[in-house]
>>> print(open('entry.tsv').read())   # TSV, C-alpha atoms
chain	number	residue	atom	x	y	z
A	19	MET	CA	218.42	252.34	-24.36
A	20	ASP	CA	220.39	250.79	-27.20
A	21	ARG	CA	220.07	247.08	-26.42
A	22	LEU	CA	217.35	245.16	-24.62
A	23	GLU	CA	218.03	243.03	-21.56
A	24	PRO	CA	218.57	239.42	-22.71
A	25	VAL	CA	216.32	236.66	-21.39
A	26	THR	CA	217.32	233.01	-21.80
A	27	LEU	CA	215.44	229.71	-21.61
A	28	GLN	CA	216.54	226.11	-22.11
A	29	ILE	CA	214.01	224.09	-24.04
A	30	ASP	CA	213.33	220.57	-22.85
A	31	ARG	CA	210.42	218.20	-23.13
A	32	ASP	CA	209.02	219.24	-19.75
A	33	ALA	CA	208.98	222.89	-20.85
A	34	ILE	CA	207.06	221.99	-24.02
A	35	LEU	CA	204.54	219.86	-22.12
A	36	ALA	CA	204.07	222.59	-19.50
A	37	TYR	CA	203.46	225.13	-22.24
A	38	ALA	CA	200.98	222.81	-23.92
A	39	GLU	CA	199.06	222.79	-20.61
A	40	ILE	CA	199.28	226.58	-20.30
A	41	THR	CA	197.91	227.23	-23.77
A	42	GLY	CA	195.79	224.12	-24.28
A	43	ASP	CA	197.78	223.54	-27.49
A	44	PHE	CA	198.49	219.82	-27.80
A	45	ASN	CA	199.15	219.93	-31.54
A	46	PRO	CA	200.97	216.62	-32.12
A	47	VAL	CA	203.83	218.40	-33.83
A	48	HIS	CA	204.71	219.59	-30.30
A	49	VAL	CA	203.92	216.53	-28.21
A	50	ASP	CA	203.84	213.39	-30.39
A	51	GLU	CA	207.29	212.22	-31.52
A	52	ALA	CA	205.99	209.70	-34.06
A	53	PHE	CA	203.60	212.18	-35.66
A	54	ALA	CA	206.16	215.00	-35.67
A	55	ALA	CA	208.79	212.76	-37.27
A	56	GLY	CA	206.49	212.27	-40.23
A	57	THR	CA	205.98	215.98	-40.88
A	58	ALA	CA	208.13	218.47	-42.76
A	59	MET	CA	209.57	219.47	-39.36
A	60	GLY	CA	211.13	216.03	-39.00
A	61	GLY	CA	210.54	215.84	-35.26
A	62	ILE	CA	209.06	217.64	-32.29
A	63	ILE	CA	209.25	221.42	-32.33
A	64	ALA	CA	208.47	223.76	-29.46
A	65	HIS	CA	205.46	226.05	-29.64
A	66	GLY	CA	206.58	229.26	-31.34
A	67	THR	CA	204.98	231.40	-28.66
A	68	LEU	CA	206.92	229.57	-25.93
A	69	SER	CA	209.96	231.47	-27.22
A	70	LEU	CA	208.01	234.56	-28.27
A	71	ASN	CA	207.11	235.21	-24.63
A	72	LEU	CA	210.80	235.82	-23.95
A	73	ILE	CA	210.63	238.95	-26.12
A	74	TRP	CA	207.88	240.42	-23.94
A	75	GLN	CA	209.98	239.49	-20.90
A	76	SER	CA	213.05	241.16	-22.43
A	77	LEU	CA	211.03	244.31	-23.13
A	78	ALA	CA	209.59	244.29	-19.60
A	79	ALA	CA	213.06	243.82	-18.08
A	80	SER	CA	214.32	246.74	-20.15
A	81	PHE	CA	211.52	249.27	-19.78
A	82	GLY	CA	209.18	248.03	-17.04
A	83	THR	CA	205.70	246.76	-17.76
A	84	ASP	CA	203.94	250.12	-17.39
A	85	ALA	CA	205.92	251.57	-20.29
A	86	LEU	CA	204.78	248.81	-22.63
A	87	ASN	CA	201.08	249.62	-22.83
A	88	GLY	CA	200.46	250.44	-26.47
A	89	THR	CA	203.45	248.43	-27.72
A	90	ALA	CA	203.01	246.74	-31.09
A	91	LEU	CA	204.99	243.56	-31.73
A	92	ASP	CA	205.33	242.15	-35.24
A	93	ILE	CA	207.35	238.95	-35.52
A	94	ARG	CA	207.74	235.93	-37.71
A	95	PHE	CA	208.72	232.47	-36.59
A	96	ALA	CA	211.80	232.02	-38.73
A	97	ARG	CA	213.05	228.60	-37.67
A	98	PRO	CA	211.89	225.79	-35.44
A	99	VAL	CA	213.07	225.41	-31.86
A	100	ARG	CA	213.80	221.87	-30.75
A	101	ILE	CA	214.32	219.97	-27.54
A	102	GLY	CA	217.83	220.68	-26.28
A	103	ASP	CA	218.02	224.18	-27.74
A	104	THR	CA	218.82	227.19	-25.58
A	105	VAL	CA	217.11	230.33	-26.80
A	106	GLN	CA	217.76	233.92	-25.87
A	107	ALA	CA	215.57	236.94	-26.57
A	108	GLY	CA	217.01	240.35	-27.14
A	109	GLY	CA	216.76	243.44	-29.23
A	110	GLN	CA	218.45	246.54	-30.47
A	111	HIS	CA	217.28	250.07	-31.07
A	112	SER	CA	216.43	250.52	-34.73
A	113	GLU	CA	218.32	253.13	-36.71
A	114	THR	CA	215.20	254.01	-38.66
A	115	GLU	CA	212.76	255.17	-35.97
A	116	ALA	CA	213.07	256.44	-32.41
A	117	ARG	CA	210.43	254.17	-30.87
A	118	LEU	CA	211.29	251.07	-32.91
A	119	TYR	CA	213.38	248.11	-31.76
A	120	ASP	CA	214.55	245.18	-33.83
A	121	VAL	CA	213.80	242.14	-31.69
A	122	TRP	CA	214.76	238.51	-31.94
A	123	VAL	CA	215.06	235.17	-30.28
A	124	ARG	CA	218.27	233.33	-31.14
A	125	ASN	CA	219.31	229.77	-30.53
A	126	GLN	CA	222.61	228.55	-29.11
A	127	ASP	CA	224.19	228.87	-32.56
A	128	GLY	CA	223.26	232.53	-32.79
A	129	VAL	CA	220.63	231.83	-35.45
A	130	ASN	CA	217.39	233.81	-35.33
A	131	VAL	CA	214.42	231.58	-34.61
A	132	ILE	CA	212.11	234.58	-34.20
A	133	GLU	CA	212.69	238.01	-35.70
A	134	GLY	CA	210.72	241.19	-36.02
A	135	THR	CA	210.10	244.56	-34.47
A	136	ALA	CA	208.61	246.11	-31.36
A	137	ARG	CA	207.22	249.61	-31.65
A	138	LEU	CA	206.83	251.32	-28.29
A	139	LYS	CA	204.13	253.90	-27.77
A	140	THR	CA	206.49	255.96	-25.67
A	141	LEU	CA	210.12	255.66	-24.74
A	142	GLY	CA	209.36	255.49	-21.04
B	4	MET	CA	180.94	213.97	-35.42
B	5	THR	CA	182.10	217.50	-36.31
B	6	ARG	CA	184.13	217.84	-39.47
B	7	VAL	CA	187.69	219.08	-39.18
B	8	LEU	CA	188.10	222.75	-40.04
B	9	THR	CA	189.86	222.80	-43.39
B	10	PHE	CA	191.34	225.61	-45.46
B	11	ASP	CA	188.19	225.73	-47.59
B	12	ALA	CA	186.11	226.65	-44.52
B	13	PHE	CA	187.79	230.05	-44.12
B	14	THR	CA	186.18	233.08	-45.74
B	15	PRO	CA	187.97	236.43	-45.42
B	16	GLY	CA	185.94	238.98	-43.50
B	17	VAL	CA	183.79	236.40	-41.76
B	18	SER	CA	183.63	236.13	-37.97
B	19	MET	CA	184.70	232.77	-36.58
B	20	GLY	CA	183.24	233.31	-33.10
B	21	SER	CA	184.41	234.25	-29.65
B	22	ALA	CA	185.63	232.59	-26.46
B	23	THR	CA	185.93	233.59	-22.82
B	24	GLU	CA	189.10	232.70	-20.94
B	25	VAL	CA	190.23	233.23	-17.36
B	26	ILE	CA	193.81	232.81	-16.20
B	27	ASP	CA	193.47	230.93	-12.94
B	28	GLY	CA	195.98	229.91	-10.30
B	29	ARG	CA	196.82	226.61	-11.99
B	30	ILE	CA	197.79	228.22	-15.28
B	31	LEU	CA	199.65	231.06	-13.58
B	32	GLY	CA	201.51	228.51	-11.44
B	33	LEU	CA	202.61	226.59	-14.53
B	34	TRP	CA	203.73	229.86	-16.12
B	35	GLN	CA	205.80	230.85	-13.12
B	36	ARG	CA	207.50	227.46	-13.00
B	37	LEU	CA	208.38	227.82	-16.67
B	38	TYR	CA	209.42	231.49	-16.43
B	39	PRO	CA	210.24	232.01	-12.73
B	40	TRP	CA	211.55	235.54	-13.38
B	41	ASP	CA	208.22	236.67	-14.88
B	42	ALA	CA	205.79	237.12	-12.00
B	43	ALA	CA	202.39	238.78	-11.84
B	44	THR	CA	202.57	242.18	-10.19
B	45	GLU	CA	199.76	243.85	-8.25
B	46	GLY	CA	197.19	241.57	-9.82
B	47	GLU	CA	198.31	242.24	-13.38
B	48	LEU	CA	199.31	239.21	-15.41
B	49	PRO	CA	202.73	239.04	-17.09
B	50	LEU	CA	202.60	240.66	-20.51
B	51	GLY	CA	203.24	237.41	-22.36
B	52	MET	CA	200.01	236.09	-20.91
B	53	ALA	CA	198.25	238.07	-23.64
B	54	THR	CA	199.66	235.52	-26.06
B	55	VAL	CA	198.42	232.69	-23.84
B	56	LEU	CA	194.93	234.18	-23.77
B	57	LEU	CA	195.07	234.52	-27.55
B	58	MET	CA	196.21	230.93	-28.06
B	59	ARG	CA	193.65	229.51	-25.65
B	60	ALA	CA	190.89	231.38	-27.46
B	61	TYR	CA	192.22	230.19	-30.81
B	62	MET	CA	192.12	226.59	-29.55
B	63	ARG	CA	188.49	226.94	-28.56
B	64	ILE	CA	187.19	228.98	-31.49
B	65	LEU	CA	188.90	227.18	-34.36
B	66	THR	CA	188.03	223.59	-33.58
B	67	PRO	CA	188.40	220.82	-34.50
B	68	ARG	CA	191.65	221.63	-36.24
B	69	PRO	CA	193.67	219.30	-38.43
B	70	PRO	CA	196.90	218.16	-36.79
B	71	GLY	CA	200.11	219.81	-37.92
B	72	ASN	CA	199.18	223.48	-38.35
B	73	ILE	CA	202.17	225.84	-38.04
B	74	HIS	CA	202.21	229.35	-36.56
B	75	ALA	CA	204.15	231.50	-39.05
B	76	ARG	CA	203.76	235.10	-37.93
B	77	GLN	CA	202.17	237.10	-35.17
B	78	GLN	CA	201.35	240.76	-34.78
B	79	MET	CA	200.00	242.05	-31.50
B	80	GLU	CA	199.25	245.46	-30.06
B	81	LEU	CA	199.11	245.37	-26.30
B	82	VAL	CA	196.80	248.02	-24.89
B	83	SER	CA	196.53	246.96	-21.27
B	84	PRO	CA	197.55	243.85	-19.28
B	85	ALA	CA	194.83	241.41	-18.25
B	86	ARG	CA	194.33	240.90	-14.53
B	87	PHE	CA	194.46	237.66	-12.58
B	88	GLY	CA	191.01	236.04	-12.61
B	89	GLU	CA	189.61	238.52	-15.15
B	90	GLU	CA	187.24	237.18	-17.78
B	91	VAL	CA	188.77	237.91	-21.17
B	92	ILE	CA	186.58	237.70	-24.25
B	93	THR	CA	188.38	237.17	-27.54
B	94	SER	CA	186.58	237.42	-30.86
B	95	MET	CA	188.18	236.17	-34.06
B	96	SER	CA	187.58	236.71	-37.72
B	97	CYS	CA	189.28	235.51	-40.86
B	98	ALA	CA	191.44	238.32	-42.25
B	99	GLY	CA	192.62	236.47	-45.32
B	100	LYS	CA	193.78	233.24	-46.92
B	101	GLU	CA	196.12	232.37	-49.74
B	102	LEU	CA	197.72	229.39	-51.39
B	103	LYS	CA	201.42	230.05	-51.89
B	104	ARG	CA	204.10	227.56	-52.94
B	105	GLU	CA	201.69	224.73	-52.13
B	106	ARG	CA	201.19	226.03	-48.60
B	107	ARG	CA	197.82	227.09	-47.28
B	108	TYR	CA	198.09	230.37	-45.35
B	109	VAL	CA	195.28	231.60	-43.12
B	110	GLU	CA	195.26	234.97	-41.35
B	111	MET	CA	193.12	235.54	-38.29
B	112	ASP	CA	192.35	238.88	-36.66
B	113	SER	CA	191.41	239.01	-33.01
B	114	ARG	CA	190.27	241.51	-30.42
B	115	SER	CA	190.32	240.79	-26.69
B	116	THR	CA	188.49	242.70	-23.99
B	117	GLY	CA	188.36	242.39	-20.21
B	118	ALA	CA	186.07	243.71	-17.51
B	119	ASN	CA	183.73	246.50	-18.59
B	120	ALA	CA	184.73	245.88	-22.21
B	121	ARG	CA	188.22	247.29	-21.53
B	122	LEU	CA	190.36	246.67	-24.62
B	123	LEU	CA	193.36	244.49	-23.72
B	124	PHE	CA	194.97	243.62	-27.04
B	125	THR	CA	194.43	243.07	-30.73
B	126	ALA	CA	196.33	240.57	-32.83
B	127	ARG	CA	196.78	239.05	-36.25
B	128	MET	CA	198.01	235.48	-36.58
B	129	ARG	CA	199.32	233.96	-39.80
B	130	LEU	CA	199.12	230.20	-39.87
B	131	ILE	CA	200.10	227.48	-42.30
B	132	TRP	CA	196.99	225.32	-42.34
B	133	ALA	CA	197.63	221.61	-42.64
B	134	VAL	CA	194.75	220.60	-44.95
>>> encode(input="entry.tsv", output="structure tokens")
Amino acid sequence: MDRLEPVTLQIDRDAILAYAEITGDFNPVHVDEAFAAGTAMGGIIAHGTLSLNLIWQSLAASFGTDALNGTALDIRFARPVRIGDTVQAGGQHSETEARLYDVWVRNQDGVNVIEGTARLKTLG
Amino acid sequence: MTRVLTFDAFTPGVSMGSATEVIDGRILGLWQRLYPWDAATEGELPLGMATVLLMRAYMRILTPRPPGNIHARQQMELVSPARFGEEVITSMSCAGKELKRERRYVEMDSRSTGANARLLFTARMRLIWAV
């Protein structure tokens, strides 16, 4: 498979608050507008892993969950995701290694907000 | 009153503790409202739930945290999905710390096991620590 199945999510305040409940992460940079405005982020940002989960979902949609046991994901959170953004996870087979995929989450402007690699144990 | 965990409190190679987490129906319900296409199958949790288990353990082990920490990088090797209702034990240790361009970076290693000490996933988180 050359490209992974894309998975898309619109980020709104309800999504961020729901994810704070799911993870127990109520860091004020995610939930407190006044606090977040005073940080280097300049306002509320979504939890990085809220978008990261889309990569696992893209991999699962592409290969099925059983094929992903043993998968190693290595990503960096490249840019913040904000309320109103639409993010889409995807990936492409790497030219350097058979089991390696370049993976990303991109915002509505096509800018990577998460980027990295997924190394599958097998190719399913 | 417990003092906030600051950058100075981290020592590479030192265990920071462990936490037990269970994904119950409330959390799974919230997940499925957020990601309705990502359902549990045959009792196995969605793969991304490994990250949730990791983050929940992080919240409990590294506490109290200063406000404003930023998650910069994550590495994870998924060995096996956790199951609905399974007790997952996550242990964490400090893998490293560095001061770079006036930012305080902390790296945490973790290992998570389920029933009968079945290995579920290992991870390394890189965080920008606020203070």
>>> closest_atom_pairs(input="entry.tsv", of="chain B", to="chain A", cutoff="6 Å", atoms="all atoms listed in the file", output="tab-separated table")
residue	atom	partner	partner_atom	distance
B:Ile30	CA	A:Ile40	CA	5.5
B:Gly51	CA	A:Asn71	CA	5.0
B:Val55	CA	A:Thr41	CA	5.5
B:Met58	CA	A:Thr41	CA	5.9
B:Arg59	CA	A:Thr41	CA	5.2
B:Pro70	CA	A:Asn45	CA	6.0
B:Gly71	CA	A:Val47	CA	5.7
B:Ala75	CA	A:Phe95	CA	5.3
B:Arg76	CA	A:Arg94	CA	4.1
B:Gln77	CA	A:Ile93	CA	5.5
B:Gln78	CA	A:Asp92	CA	4.2
B:Met79	CA	A:Leu91	CA	5.2
B:Glu80	CA	A:Ala90	CA	4.1
B:Leu81	CA	A:Gly88	CA	5.2
B:Val82	CA	A:Gly88	CA	4.7
B:Ser83	CA	A:Asn87	CA	5.5
>>> atom_distance(input="entry.tsv", atom1="atom CA of A:Gly128", atom2="atom CA of A:Thr114")
23.7 Å
>>> atom_distance(input="entry.tsv", atom1="atom CA of A:Gly82", atom2="atom CA of B:Thr116")
22.5 Å
>>> residues_around(input="entry.tsv", residues="A:His111", least_positions_apart="2", cutoff="9 Å", atoms="all atoms listed in the file", output="list in words")
Met19, Asp20, Arg21, Leu22, Gly109, Glu113, Thr114, Glu115, Ala116, Arg117, Leu118, Tyr119, Asp120 and Val121 of chain A
>>> residues_around(input="entry.tsv", residues="B:Leu102", least_positions_apart="3", cutoff="10 Å", atoms="all atoms listed in the file", output="list in words")
Phe10, Glu105, Arg106, Arg107, Tyr108, Val109, Ile131 and Trp132 of chain B
>>> decode(input="entry.tsv", residues="stretch 66-139 of chain A", atoms="C-alpha atoms", output="short mmCIF file (atom, residue, chain, number, x, y, z; two decimals), in the first residue's frame")
data_model
loop_
_atom_site.label_atom_id
_atom_site.label_comp_id
_atom_site.auth_asym_id
_atom_site.auth_seq_id
_atom_site.Cartn_x
_atom_site.Cartn_y
_atom_site.Cartn_z
CA GLY A 66 -1.26 17.01 20.75
CA THR A 67 -2.41 13.45 21.24
CA LEU A 68 -5.98 14.38 20.27
CA SER A 69 -4.63 14.65 16.72
CA LEU A 70 -2.01 11.92 17.13
CA ASN A 71 -4.78 9.36 17.63
CA LEU A 72 -5.85 9.99 14.04
CA ILE A 73 -2.57 8.45 12.85
CA TRP A 74 -3.35 5.20 14.67
CA GLN A 75 -6.84 5.34 13.15
CA SER A 76 -5.38 5.91 9.68
CA LEU A 77 -3.03 2.94 10.14
CA ALA A 78 -5.89 0.77 11.41
CA ALA A 79 -8.11 1.77 8.48
CA SER A 80 -5.29 0.91 6.10
CA PHE A 81 -4.00 -2.37 7.51
CA GLY A 82 -6.50 -3.56 10.13
CA THR A 83 -5.71 -3.57 13.82
CA ASP A 84 -4.28 -7.10 13.94
CA ALA A 85 -1.49 -6.13 11.55
CA LEU A 86 -0.36 -3.29 13.81
CA ASN A 87 0.88 -5.28 16.78
CA GLY A 88 4.58 -4.48 17.01
CA THR A 89 4.25 -1.14 15.21
CA ALA A 90 6.60 1.60 16.36
CA LEU A 91 5.44 5.19 15.97
CA ASP A 92 7.88 8.08 16.31
CA ILE A 93 6.39 11.54 15.88
CA ARG A 94 6.97 15.12 16.86
CA PHE A 95 4.33 17.73 17.47
CA ALA A 96 5.44 20.28 14.91
CA ARG A 97 2.81 23.00 15.27
CA PRO A 98 -0.12 23.74 17.52
CA VAL A 99 -3.68 22.83 16.58
CA ARG A 100 -6.30 25.42 17.45
CA ILE A 101 -10.05 25.64 17.78
CA GLY A 102 -11.55 25.85 14.31
CA ASP A 103 -8.82 23.82 12.63
CA THR A 104 -9.62 20.73 10.58
CA VAL A 105 -6.87 18.14 10.77
CA GLN A 106 -6.31 15.10 8.61
CA ALA A 107 -3.99 12.17 9.27
CA GLY A 108 -2.33 10.28 6.50
CA GLY A 109 0.88 8.70 5.41
CA GLN A 110 2.95 7.47 2.55
CA HIS A 111 5.20 4.49 2.07
CA SER A 112 8.80 5.50 2.67
CA GLU A 113 11.28 5.08 -0.15
CA THR A 114 13.99 4.07 2.29
CA GLU A 115 12.58 0.95 3.96
CA ALA A 116 9.89 -1.59 3.10
CA ARG A 117 8.09 -1.53 6.46
CA LEU A 118 8.42 2.22 7.04
CA TYR A 119 5.75 4.85 6.44
CA ASP A 120 6.11 8.59 6.67
CA VAL A 121 3.08 9.73 8.66
CA TRP A 122 1.59 13.10 9.37
CA VAL A 123 -1.35 15.11 10.54
CA ARG A 124 -2.00 18.22 8.45
CA ASN A 125 -4.25 21.17 9.06
CA GLN A 126 -6.66 22.76 6.61
CA ASP A 127 -3.77 24.73 5.08
CA GLY A 128 -1.85 21.56 4.32
CA VAL A 129 0.72 22.34 7.01
CA ASN A 130 2.09 19.45 9.07
CA VAL A 131 1.09 19.73 12.71
CA ILE A 132 2.45 16.26 13.48
CA GLU A 133 5.10 14.45 11.48
CA GLY A 134 7.12 11.30 11.88
CA THR A 135 7.29 7.66 10.96
CA ALA A 136 5.48 4.40 11.60
CA ARG A 137 7.49 1.22 11.34
CA LEU A 138 5.31 -1.86 10.92
CA LYS A 139 6.47 -5.20 12.22
#
